[in-house]
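Below is entry39.txt, which holds compact mmCIF, C-alpha atoms.
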```
# COMPACT_ATOMS: atom_id res chain seq x y z
CA MET C 1 -24.27 15.35 11.05
CA LEU C 2 -22.95 14.58 14.54
CA PRO C 3 -22.28 10.86 13.85
CA THR C 4 -20.45 11.80 10.65
CA VAL C 5 -18.18 14.21 12.51
CA ALA C 6 -17.58 11.64 15.25
CA ILE C 7 -16.65 8.95 12.71
CA PHE C 8 -14.29 11.33 10.96
CA LEU C 9 -12.57 12.39 14.19
CA VAL C 10 -12.16 8.82 15.47
CA THR C 11 -10.84 7.65 12.10
CA TYR C 12 -8.46 10.59 11.78
CA LEU C 13 -7.16 10.08 15.31
CA GLY C 14 -6.74 6.35 14.72
CA VAL C 15 -4.78 6.92 11.52
CA ALA C 16 -2.62 9.52 13.27
CA LEU C 17 -1.87 7.23 16.23
CA GLY C 18 -1.63 4.07 14.16
CA HIS C 19 -4.14 2.14 16.26
CA ILE C 20 -7.47 2.28 18.06
CA PRO C 21 -7.50 0.80 21.58
CA GLY C 22 -9.26 -2.54 21.61
CA LEU C 23 -9.00 -3.10 17.86
CA GLN C 24 -6.26 -5.07 16.10
CA LEU C 25 -6.16 -2.78 13.07
CA ASP C 26 -3.39 -0.92 11.29
CA ARG C 27 -3.83 2.44 9.57
CA THR C 28 -5.21 0.85 6.40
CA GLY C 29 -7.78 -1.12 8.38
CA ILE C 30 -8.78 1.96 10.36
CA ALA C 31 -9.31 4.00 7.19
CA LEU C 32 -11.35 1.20 5.62
CA LEU C 33 -13.43 0.82 8.77
CA GLY C 34 -14.06 4.56 8.79
CA ALA C 35 -15.25 4.44 5.18
CA ILE C 36 -17.61 1.56 5.97
CA ALA C 37 -18.92 3.44 9.01
CA MET C 38 -19.65 6.48 6.84
CA ILE C 39 -21.73 4.33 4.48
CA VAL C 40 -23.58 2.65 7.35
CA ALA C 41 -24.28 6.03 8.96
CA GLY C 42 -25.78 7.28 5.71
CA ALA C 43 -23.23 10.06 5.20
CA VAL C 44 -22.59 8.70 1.72
CA SER C 45 -24.29 6.01 -0.32
CA PHE C 46 -22.44 2.95 -1.57
CA PRO C 47 -22.59 4.03 -5.26
CA GLU C 48 -21.26 7.46 -4.27
CA ALA C 49 -18.45 5.87 -2.28
CA VAL C 50 -17.48 3.69 -5.23
CA GLY C 51 -17.62 6.73 -7.49
CA HIS C 52 -15.06 8.50 -5.30
CA VAL C 53 -12.49 5.76 -5.97
CA ASP C 54 -10.09 6.96 -8.66
CA LEU C 55 -9.22 3.72 -10.45
CA PRO C 56 -6.58 5.15 -12.86
CA THR C 57 -4.65 6.59 -9.91
CA LEU C 58 -4.78 3.28 -8.05
CA ILE C 59 -3.59 1.35 -11.11
CA LEU C 60 -0.71 3.77 -11.68
CA LEU C 61 0.28 3.62 -8.01
CA TYR C 62 0.16 -0.17 -8.02
CA ALA C 63 2.29 -0.38 -11.16
CA LEU C 64 4.93 1.95 -9.72
CA MET C 65 5.03 0.01 -6.46
CA VAL C 66 5.55 -3.24 -8.39
CA ILE C 67 8.44 -1.65 -10.31
CA SER C 68 9.95 -0.26 -7.10
CA ALA C 69 9.61 -3.60 -5.35
CA GLN C 70 11.35 -5.38 -8.22
CA LEU C 71 14.20 -2.87 -8.13
CA ARG C 72 14.56 -3.46 -4.39
CA LEU C 73 14.58 -7.24 -4.81
CA GLY C 74 17.08 -6.88 -7.64
CA GLY C 75 19.44 -4.97 -5.34
CA PHE C 76 19.32 -1.65 -7.18
CA TYR C 77 18.76 0.47 -4.08
CA THR C 78 21.39 -1.39 -2.07
CA PHE C 79 23.88 -1.04 -4.91
CA THR C 80 23.18 2.69 -5.18
CA ALA C 81 23.55 3.22 -1.44
CA PHE C 82 26.85 1.34 -1.36
CA ARG C 83 28.14 3.29 -4.34
CA ILE C 84 27.82 6.59 -2.49
CA SER C 85 29.09 5.24 0.85
CA HIS C 86 32.71 6.01 -0.05
CA LEU C 87 31.81 9.68 0.32
CA LEU C 88 31.54 9.24 4.08
CA VAL C 89 35.03 10.73 4.42
CA ARG C 90 33.33 14.03 3.55
CA PRO C 91 30.22 14.01 5.77
CA ARG C 92 28.58 17.18 4.46
CA PHE C 93 29.06 16.14 0.85
CA PHE C 94 27.81 12.65 1.65
CA LEU C 95 24.67 14.14 3.20
CA PHE C 96 24.16 16.25 0.09
CA VAL C 97 24.61 13.33 -2.31
CA SER C 98 22.46 10.95 -0.26
CA MET C 99 19.66 13.51 -0.01
CA ALA C 100 19.86 14.33 -3.72
CA THR C 101 19.85 10.64 -4.64
CA SER C 102 16.93 9.89 -2.36
CA ALA C 103 14.96 12.86 -3.70
CA LEU C 104 15.64 11.92 -7.32
CA LEU C 105 14.63 8.28 -6.87
CA SER C 106 11.55 9.27 -4.88
CA ALA C 107 10.46 11.57 -7.70
CA VAL C 108 10.12 8.64 -10.09
CA LEU C 109 9.55 5.68 -7.76
CA ALA C 110 7.73 4.92 -4.51
CA ASN C 111 9.43 6.96 -1.79
CA ASP C 112 8.57 4.54 1.01
CA ILE C 113 10.51 1.76 -0.71
CA VAL C 114 13.45 4.13 -1.25
CA CYS C 115 13.58 4.78 2.50
CA LEU C 116 13.07 1.11 3.33
CA ALA C 117 15.92 -0.01 1.09
CA PHE C 118 18.39 2.79 1.86
CA THR C 119 18.06 2.80 5.65
CA PRO C 120 19.83 -0.48 6.56
CA VAL C 121 22.72 0.20 4.17
CA LEU C 122 23.18 3.71 5.53
CA ILE C 123 23.13 2.50 9.13
CA LEU C 124 25.72 -0.21 8.45
CA SER C 125 28.03 2.20 6.62
CA LEU C 126 27.65 4.97 9.19
CA ASN C 127 28.21 2.65 12.14
CA ALA C 128 31.32 1.25 10.46
CA SER C 129 32.59 4.81 10.09
CA ARG C 130 31.64 5.63 13.69
CA LEU C 131 29.40 8.47 12.56
CA ASN C 132 26.12 9.48 14.15
CA PRO C 133 23.43 8.13 11.78
CA LEU C 134 20.74 10.55 12.98
CA PRO C 135 21.35 13.50 10.61
CA TYR C 136 21.71 11.21 7.62
CA LEU C 137 18.55 9.24 8.39
CA ILE C 138 16.63 12.46 8.95
CA GLY C 139 18.01 13.70 5.64
CA LEU C 140 16.92 10.50 3.94
CA ALA C 141 13.37 10.74 5.26
CA VAL C 142 13.02 14.45 4.56
CA SER C 143 14.55 14.39 1.08
CA SER C 144 12.50 11.36 0.09
CA ASN C 145 9.28 13.14 0.97
CA ILE C 146 10.38 16.38 -0.64
CA GLY C 147 11.55 14.67 -3.81
CA SER C 148 8.27 12.82 -4.21
CA THR C 149 6.43 16.13 -4.56
CA ALA C 150 8.33 17.13 -7.70
CA THR C 151 6.63 14.88 -10.23
CA ILE C 152 3.15 13.69 -11.02
CA ILE C 153 4.11 10.09 -10.19
CA GLY C 154 5.99 10.90 -6.99
CA ASN C 155 3.14 10.12 -4.61
CA PRO C 156 -0.59 9.28 -4.69
CA GLN C 157 -1.63 12.86 -3.96
CA ASN C 158 0.25 14.12 -6.99
CA MET C 159 -1.29 11.44 -9.17
CA LEU C 160 -4.77 12.43 -8.08
CA ILE C 161 -4.07 16.15 -8.56
CA GLY C 162 -2.65 15.52 -12.01
CA GLN C 163 -5.59 13.32 -12.95
CA VAL C 164 -8.22 15.78 -11.78
CA GLY C 165 -6.38 18.83 -13.07
CA ARG C 166 -5.48 17.15 -16.37
CA LEU C 167 -1.85 18.18 -16.00
CA ASP C 168 0.86 16.59 -18.08
CA PHE C 169 4.24 15.53 -16.71
CA GLY C 170 6.05 18.66 -17.87
CA GLN C 171 3.46 21.05 -16.49
CA PHE C 172 3.55 19.40 -13.11
CA ILE C 173 7.34 19.57 -12.87
CA GLY C 174 7.20 23.19 -13.99
CA TRP C 175 4.91 24.05 -11.10
CA CYS C 176 6.34 21.79 -8.39
CA GLY C 177 9.99 21.43 -9.39
CA PRO C 178 11.28 24.87 -8.26
CA PRO C 179 9.72 24.80 -4.76
CA THR C 180 10.94 21.23 -4.38
CA LEU C 181 14.53 22.31 -5.07
CA VAL C 182 14.20 25.22 -2.64
CA ALA C 183 12.81 22.94 0.08
CA LEU C 184 15.54 20.36 -0.52
CA ALA C 185 18.29 22.97 -0.32
CA GLY C 186 16.75 24.48 2.80
CA SER C 187 16.54 21.08 4.47
CA TYR C 188 20.17 20.34 3.67
CA LEU C 189 21.35 23.67 5.07
CA LEU C 190 19.21 23.24 8.17
CA LEU C 191 20.65 19.79 8.87
CA CYS C 192 24.17 21.09 8.33
CA GLY C 193 23.47 23.81 10.87
CA LEU C 194 21.82 21.58 13.44
CA PHE C 195 24.52 18.90 13.25
CA ARG C 196 27.55 21.02 12.41
CA LYS C 197 29.67 19.30 15.07
CA GLU C 198 28.92 15.89 13.58
CA PHE C 199 30.03 16.98 10.14
CA GLY C 200 33.38 18.14 11.43
CA ARG C 201 34.51 14.57 11.87
CA ARG C 202 36.65 12.76 9.32
CA GLU C 203 36.47 8.99 9.26
CA THR C 204 37.47 6.34 6.81
CA ALA C 205 34.56 5.12 4.70
CA PRO C 206 33.78 1.38 4.78
CA ASP C 207 34.50 -0.74 1.77
CA PRO C 208 31.29 -1.72 -0.04
```

What does this structure look like when you write it as structure tokens?
Amino acid sequence: MLPTVAIFLVTYLGVALGHIPGLQLDRTGIALLGAIAMIVAGAVSFPEAVGHVDLPTLILLYALMVISAQLRLGGFYTFTAFRISHLLVRPRFFLFVSMATSALLSAVLANDIVCLAFTPVLILSLNASRLNPLPYLIGLAVSSNIGSTATIIGNPQNMLIGQVGRLDFGQFIGWCGPPTLVALAGSYLLLCGLFRKEFGRRETAPDP
């Protein structure tokens, strides 16, 4: 029991910190090493470990990541970010639109790719408009995570919950959609309050 707890704590801490001193491993490697250690320690047998792998969820996640990656390479995210950049003359409205767009895309695609593709375009546009990028980048990160909770394909956790609970797409949105909208609205209002001085500025938006 004690070795199992120790393995769990070390693995959890390593994933949280992103590294384990003395080991050249990222979070994925740390998690995999922890799983191997659990098998070696006898906490779980190899057949049991394999049985815990949800293959349909992994296949669905992989397929969505391929689609998201192709959209990024095709310039879809960059195009979308540039299309809304003209709203920078109205900072609060731009924050609202960028958060809503990020949340919507993250609900149907991989949210990490949404953040990865939107961030450089936002920074370039905001710097050109001499606006502080911090509230907008926070809004992007927050809304992307919130939006991904709305649908069954938004993130791996949702996929697993939907698979185990045998929920269809409509049922999942029915349960998770309303709290997602409340959280998104609350995040927007909170950012507007925290950065109210920043949103008082009026600058000319950059040309895409």

Counting only C-alpha atoms, the residue of C:Ile152, C:Ala128, C:Ile138, C:Val15 that sits nearest Ala110 in chain C:
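Counting only C-alpha atoms, the residue closest to Ala110 in chain C is C:Ile152.
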
Which residues are close to Leu2 in chain C, i.e. within 12 Å by all atoms listed in the file, leaving aside same-chain residues fewer than 4 positions away? Reply as a list in words.
Ala6, Ile7, Phe8, Leu9, Met38, Ala41, Gly42 and Ala43 of chain C

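Distance annotation: of C:Met1, C:Leu131, C:Val121, C:Val10, the residue with the minimal separation from Gly75 in chain C is C:Val121; atom set is all atoms listed in the file.
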
I'd like the interatomic distance between CA of Ala31 in chain C and CA of Tyr12 in chain C, to a tenth of an Å.
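Separation of CA of Ala31 in chain C and CA of Tyr12 in chain C: 8.1 Å.
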
Between CA of Ala103 in chain C and CA of Asn155 in chain C, what is the distance in Å, rounded to a tenth?
12.2 Å

Enumerate, in order of chain and increasing residue number, the residues of range 78-158 of chain C with an atom no farther than 7 Å from range 176-196 of chain C, each with its shortest atom pair and distance in Å to one decimal, counting only C-alpha atoms, as CSV.
```
residue,atom,partner,partner_atom,distance
C:Phe96,CA,C:Tyr188,CA,6.7
C:Pro135,CA,C:Leu191,CA,6.6
C:Ser143,CA,C:Leu184,CA,6.3
C:Ile146,CA,C:Thr180,CA,6.2
C:Gly147,CA,C:Thr180,CA,6.6
C:Thr149,CA,C:Thr180,CA,6.8
C:Ala150,CA,C:Gly177,CA,4.9
```

Taking 3 positions as the minimum chain separation for residues in the same chain, which residues sit within 12 Å of range 78-90 of chain C when counting only C-alpha atoms? Answer as a PyMOL selection string.
chain C and resi 71-75+93-102+105+113-133+136+140+198-208

Just write the chosen residues, C-alpha atoms, as a compact mmCIF listing (two decimals), in the coordinates of the input.
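Final file, part36.txt:
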```txt
# COMPACT_ATOMS: atom_id res chain seq x y z
CA LEU C 71 14.20 -2.87 -8.13
CA ARG C 72 14.56 -3.46 -4.39
CA LEU C 73 14.58 -7.24 -4.81
CA GLY C 74 17.08 -6.88 -7.64
CA GLY C 75 19.44 -4.97 -5.34
CA PHE C 93 29.06 16.14 0.85
CA PHE C 94 27.81 12.65 1.65
CA LEU C 95 24.67 14.14 3.20
CA PHE C 96 24.16 16.25 0.09
CA VAL C 97 24.61 13.33 -2.31
CA SER C 98 22.46 10.95 -0.26
CA MET C 99 19.66 13.51 -0.01
CA ALA C 100 19.86 14.33 -3.72
CA THR C 101 19.85 10.64 -4.64
CA SER C 102 16.93 9.89 -2.36
CA LEU C 105 14.63 8.28 -6.87
CA ILE C 113 10.51 1.76 -0.71
CA VAL C 114 13.45 4.13 -1.25
CA CYS C 115 13.58 4.78 2.50
CA LEU C 116 13.07 1.11 3.33
CA ALA C 117 15.92 -0.01 1.09
CA PHE C 118 18.39 2.79 1.86
CA THR C 119 18.06 2.80 5.65
CA PRO C 120 19.83 -0.48 6.56
CA VAL C 121 22.72 0.20 4.17
CA LEU C 122 23.18 3.71 5.53
CA ILE C 123 23.13 2.50 9.13
CA LEU C 124 25.72 -0.21 8.45
CA SER C 125 28.03 2.20 6.62
CA LEU C 126 27.65 4.97 9.19
CA ASN C 127 28.21 2.65 12.14
CA ALA C 128 31.32 1.25 10.46
CA SER C 129 32.59 4.81 10.09
CA ARG C 130 31.64 5.63 13.69
CA LEU C 131 29.40 8.47 12.56
CA ASN C 132 26.12 9.48 14.15
CA PRO C 133 23.43 8.13 11.78
CA TYR C 136 21.71 11.21 7.62
CA LEU C 140 16.92 10.50 3.94
CA GLU C 198 28.92 15.89 13.58
CA PHE C 199 30.03 16.98 10.14
CA GLY C 200 33.38 18.14 11.43
CA ARG C 201 34.51 14.57 11.87
CA ARG C 202 36.65 12.76 9.32
CA GLU C 203 36.47 8.99 9.26
CA THR C 204 37.47 6.34 6.81
CA ALA C 205 34.56 5.12 4.70
CA PRO C 206 33.78 1.38 4.78
CA ASP C 207 34.50 -0.74 1.77
CA PRO C 208 31.29 -1.72 -0.04
```

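Take CA of Met65 in chain C and CA of Gln163 in chain C: the distance between them is 18.2 Å.
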
For Tyr62 in chain C, list every protein, DNA or RNA residue within 12 Å, evaluated using only C-alpha atoms, and leave out those in the same chain fewer than 2 positions away; present the list as a ChimeraX atom specification.
/C:55-60,64-69,109-110,153,155-156,159
